[in-house]
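Student: Got a structure for you, written out below as structure tokens; questions coming shortly.
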Amino acid sequence: MSSPHSSAPPSVEAERHGQPPLKELERAPPGSRLTLMRYLQDLNDAETPASPLEPRYHTGKLPNSKTGDGKPRLMLMGQRRSGKSSISSVVFHKLPPSETLYLETTTKIKKEAMHSFMDFQVWDFPGHLDYTGPEFDPENLFDEIGALIWVIDAQDEYLEAIHRLNRMIIYLQSSYPAINIEVFVHKVDGLSDDYRGDTFRDIIQRVQDELSDNNYENPPVSFYQTSIYDHSIFEAFSKVIQKLIPQLPTLEALLNSLCSNSRIEKAYLFDVLSKIYIATDTSPTDIGSYAICSDYIDVVIDVSEIYGWDRFMQIGSTTAGEVGLEETGNQDADSVITMDRKAHNYLYLKEINKYANPSTILNVLTVCSLRYLALICLMGEDSPAGRKPLIDHNVSVFQDALKQVFPR
Ligand SMILES: Nc1nc2c(ncn2[C@@H]2O[C@H](COP(=O)(O)OP(=O)(O)OP(=O)(O)O)[C@@H](O)[C@H]2O)c(=O)[nH]1
């Protein structure tokens with residue numbers, strides 16, 4: 001498998017755009033380095049392959065990044081009881097959906113930092129506030145934002161929610177036009193198939209009509225049908241987060257290349273901790289394939305927690321009092337399973353770029369959270385399990401290319 005276009009090291013990218021190479025950045029004081037790195041990241045065409053297609057909204061850059069720690073911020077807004085806190089708890093804290101019934105109403109903005117393959121923040125807003133009102137400082141609120149997620153309860157009266165959403169879109173379009181606006185038409189689990197489709201179309205139509213009455217044609221708004229009771233909320237979050245990954249076009253090109261060289265039907269790159277997929281190849285996605293991959297990750301994690309736990313040995317303390325740790329007897333897991341006797345249509349999973357994030361209290365290792373990506377491939381009819389060595393080889397080439405995309 002050959003590695004496609006943009007495996008050029010970052011310094012080459014930088015010089016190509018007339019920016020100082022990274023060696024010079026390393027000599028710069030930390031503060032200015034951050035600004036420069038952020039500026040590089042914000043370049044419109046950073047890591048973007050030549051393509052006749054217009055980029056989707058903000059792919060390839062984090063909007064508005066001027067100050068702060070550079071972590072994209074996802075803001076959850078919407079009416080009271082629309083399901084904002086439930087979404088955040090289920091996706092990022094693995095709360096069982098049925099337990100969201102007992103969540104209390106949010107009274108002030110809840111800010112949480114998420115540490116996954118990429119660090120970001122999730123801000124959960126109370127439903128009763130007017131987010132564009134004078135008590136909010138818009139600079140503070142929208143300066144570092146990656147995406148605004150507006151949650152609409154599809155089982156409830158939604159006209160007021162649409163009205164507030166449109167006010168917010170108009171406000172953002174005039175002041176912060178680069179922000180992604182993502183609308184979750186939520187709680188669709190309680191609606192029949194027909195009614196669900198009708199409600200979804202009705203909401204889109206009303207939003208668009210109201211905006212075009214205000215002379216806003218084709219604003220950057222995306223709509224998703226979601227529920228915490230199935231995988232739809234994870235799929236929607238995957239798509240929201242993908243738009244914030246500058247390297248997305250490179251990842252897609254790498255996965256396309258892997259699929260075509262290994263006769264893979266569909267490949268996903270998952271963040272194992274959050275079960276958000278950060279990229280997939282560009283072939284059409286089958287309904288249900290996300291669910292299969294997500295369940296497969298659960299099985300592999302359960303098995304590797306029993307048999308493949310990390311065996312860290314303490315190897316003495318440094319002068320700074322830090323504990324030296326050495327990992328022993330652990331390798332990236334890979335797994336193949338099939339659901340038919342001929343071993344066709346099997347699933348292939350390989351852990352990628354696993355690294356441990358050990359925390360210590362009083363020099364004793366307490367927690368060791370693992371953050372890593374996993375590649376999951378759905379193999380087609382014409383790719384029998386006997387070809388696994390070839391696929392292993394191609395995946396290792398893919399893994400090397402990925403290290404260049406995410407050097408950390
Ligand atoms: N049927 C269904 N109920 C849901 C879903 N998501 C959330 N809920 C329920 O909706 C209710 C309100 O959820 P919350 O997460 O507290 O709503 P919120 O938007 O954070 O509310 P405020 O804090 O008042 O702004 C809870 O009883 C949840 O169980 C969903 O996808 N389907």
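How things are named: the first chain in the structure tokens is A, the next is B, and so on; residues count from 1 in each chain; ligands count from 1 in the order shown.
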Using only C-alpha atoms and all ligand atoms, what are the residues with an atom within 6 Å of ligand 1, set out as a VMD selection string?
Tutor: chain A and resid 80 to 86 100 to 101 103 to 106 126 to 127 186 to 187 189 to 190 227 to 229
Student: Include C-alpha atoms and write out the residues we just selected as a short mmCIF file (atom, residue, chain, number, x, y, z; two decimals), in the first residue's frame.
Tutor:
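The result, stored in result07.cif:
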data_model
loop_
_atom_site.label_atom_id
_atom_site.label_comp_id
_atom_site.auth_asym_id
_atom_site.auth_seq_id
_atom_site.Cartn_x
_atom_site.Cartn_y
_atom_site.Cartn_z
CA ARG A 80 -35.11 22.98 29.06
CA ARG A 81 -35.44 19.20 29.32
CA SER A 82 -34.47 18.78 25.67
CA GLY A 83 -31.79 16.27 26.71
CA LYS A 84 -28.48 18.21 26.76
CA SER A 85 -27.10 16.84 30.04
CA SER A 86 -28.27 13.34 29.12
CA THR A 100 -30.69 10.00 32.72
CA LEU A 101 -34.26 10.01 34.05
CA LEU A 103 -30.58 13.87 36.17
CA GLU A 104 -31.34 17.17 37.79
CA THR A 105 -31.97 20.30 35.78
CA THR A 106 -28.83 22.29 34.97
CA PRO A 126 -29.00 25.56 31.26
CA GLY A 127 -32.05 25.57 28.99
CA HIS A 186 -33.37 14.56 19.66
CA LYS A 187 -35.47 11.84 21.37
CA ASP A 189 -36.74 6.96 19.66
CA GLY A 190 -40.27 7.74 20.83
CA SER A 227 -31.43 9.40 20.62
CA ILE A 228 -29.47 8.30 23.65
CA TYR A 229 -31.20 4.90 23.44
#
Student: Leaving out Ser289 (chain A) and any residue of its chain fewer than 5 positions from it, which residues lie within 9 Å of it when counting only C-alpha atoms, given as a list in words?
Tutor: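 Near neighbours after the sequence-gap exclusion: Lys266, Ser294 and Leu378 of chain A.
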Student: Check region 152-224 of chain A with DSSP on the backbone and list each residue it calls strand (DSSP E or B), as a list of chain:residue names.
Tutor: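 Assigned to strand (DSSP E or B), within region 152-224 of chain A: A:Ile152, A:Asp153, A:Asn180, A:Ile181, A:Glu182, A:Val183, A:Phe184, A:Val185, A:His186, A:Val221, A:Ser222, A:Phe223, A:Tyr224.
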Student: Would you please extract all helix (DSSP H, G or I) residues from region 143-341 of chain A, as assigned by DSSP on the backbone, and give them as a PyMOL selection string?
Tutor: chain A and resi 159-175+188-190+193-213+232-242+248-262+289-307
Student: Write the residues of the selection above to a file with C-alpha atoms, as a CSV table (one decimal), in the first residue's frame.
Tutor:
chain,number,residue,atom,x,y,z
A,159,LEU,CA,-41.7,26.0,17.5
A,160,GLU,CA,-40.2,28.1,20.3
A,161,ALA,CA,-37.0,26.0,20.1
A,162,ILE,CA,-36.8,26.7,16.4
A,163,HIS,CA,-37.3,30.4,17.0
A,164,ARG,CA,-34.6,30.6,19.5
A,165,LEU,CA,-32.3,28.5,17.3
A,166,ASN,CA,-32.8,30.9,14.4
A,167,ARG,CA,-32.1,33.9,16.6
A,168,MET,CA,-28.8,32.2,17.6
A,169,ILE,CA,-27.9,31.4,14.0
A,170,ILE,CA,-28.5,34.9,12.9
A,171,TYR,CA,-26.5,36.3,15.7
A,172,LEU,CA,-23.6,33.9,15.0
A,173,GLN,CA,-23.7,34.5,11.3
A,174,SER,CA,-23.2,38.2,11.8
A,175,SER,CA,-20.5,38.0,14.5
A,188,VAL,CA,-36.6,10.4,18.0
A,189,ASP,CA,-36.7,7.0,19.7
A,190,GLY,CA,-40.3,7.7,20.8
A,193,ASP,CA,-40.7,5.8,11.5
A,194,ASP,CA,-43.0,7.9,9.4
A,195,TYR,CA,-43.7,10.5,12.0
A,196,ARG,CA,-39.9,10.7,12.7
A,197,GLY,CA,-39.1,11.5,9.1
A,198,ASP,CA,-42.0,14.0,8.9
A,199,THR,CA,-40.9,15.8,12.1
A,200,PHE,CA,-37.3,15.9,10.9
A,201,ARG,CA,-38.2,17.4,7.5
A,202,ASP,CA,-40.6,19.8,9.1
A,203,ILE,CA,-37.9,21.2,11.5
A,204,ILE,CA,-35.4,21.6,8.7
A,205,GLN,CA,-38.0,23.4,6.5
A,206,ARG,CA,-39.0,25.7,9.3
A,207,VAL,CA,-35.4,26.6,10.1
A,208,GLN,CA,-34.6,27.3,6.5
A,209,ASP,CA,-37.8,29.3,5.8
A,210,GLU,CA,-37.3,31.5,8.8
A,211,LEU,CA,-33.6,32.1,7.9
A,212,SER,CA,-34.4,32.9,4.3
A,213,ASP,CA,-37.0,35.4,5.5
A,232,SER,CA,-27.4,7.6,16.7
A,233,ILE,CA,-26.0,10.0,19.3
A,234,PHE,CA,-22.5,8.6,18.9
A,235,GLU,CA,-22.7,8.7,15.1
A,236,ALA,CA,-23.9,12.3,15.3
A,237,PHE,CA,-21.1,13.3,17.7
A,238,SER,CA,-18.6,11.5,15.4
A,239,LYS,CA,-19.6,13.7,12.5
A,240,VAL,CA,-19.5,16.9,14.7
A,241,ILE,CA,-16.0,16.1,15.9
A,242,GLN,CA,-14.7,15.0,12.5
A,248,LEU,CA,-9.6,14.7,8.3
A,249,PRO,CA,-8.9,14.8,4.5
A,250,THR,CA,-5.6,13.1,5.0
A,251,LEU,CA,-7.1,10.4,7.2
A,252,GLU,CA,-9.9,9.8,4.7
A,253,ALA,CA,-7.4,9.5,1.9
A,254,LEU,CA,-5.3,7.0,3.9
A,255,LEU,CA,-8.3,4.9,4.7
A,256,ASN,CA,-9.4,5.0,1.0
A,257,SER,CA,-6.1,3.8,0.0
A,258,LEU,CA,-6.1,1.0,2.6
A,259,CYS,CA,-9.5,-0.2,1.5
A,260,SER,CA,-8.7,-0.3,-2.2
A,261,ASN,CA,-5.4,-2.1,-1.6
A,262,SER,CA,-6.8,-4.7,0.8
A,289,SER,CA,-22.3,-0.8,10.4
A,290,TYR,CA,-21.5,1.8,13.1
A,291,ALA,CA,-23.4,-0.3,15.6
A,292,ILE,CA,-21.6,-3.5,14.7
A,293,CYS,CA,-18.2,-1.8,15.1
A,294,SER,CA,-19.2,-0.2,18.4
A,295,ASP,CA,-20.3,-3.5,19.9
A,296,TYR,CA,-17.2,-5.2,18.6
A,297,ILE,CA,-15.1,-2.6,20.5
A,298,ASP,CA,-17.0,-3.4,23.7
A,299,VAL,CA,-16.2,-7.1,23.3
A,300,VAL,CA,-12.5,-6.5,22.5
A,301,ILE,CA,-12.1,-4.1,25.5
A,302,ASP,CA,-13.8,-6.5,27.9
A,303,VAL,CA,-11.6,-9.4,26.8
A,304,SER,CA,-8.4,-7.3,26.9
A,305,GLU,CA,-9.3,-6.0,30.3
A,306,ILE,CA,-9.4,-9.5,31.6
A,307,TYR,CA,-6.3,-10.9,29.8
Student: Could you check how far CA of Gly146 (chain A) sits from CA of Met75 (chain A), in Å to one decimal?
Tutor: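 Computing it gives 8.2 Å between the two atoms.
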Student: Nearest to Lys275 (chain A): which of A:Phe125, A:Ile152, A:Phe92, A:Ser98 is it, counting only C-alpha atoms?
Tutor: A:Phe92
Student: When you draw a straight line from CA of Asp271 (chain A) to CA of Tyr102 (chain A), how long is it in Å?
Tutor: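 Straight-line distance from CA of Asp271 (chain A) to CA of Tyr102 (chain A) works out to 28.3 Å.
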Student: For each of A:Ala279, A:His393, A:Thr226, A:Asp124, take the minimum atom-to-atom distance to Pro246 (chain A), counting only C-alpha atoms, then give the residue where this is smallest.
Tutor: A:Ala279
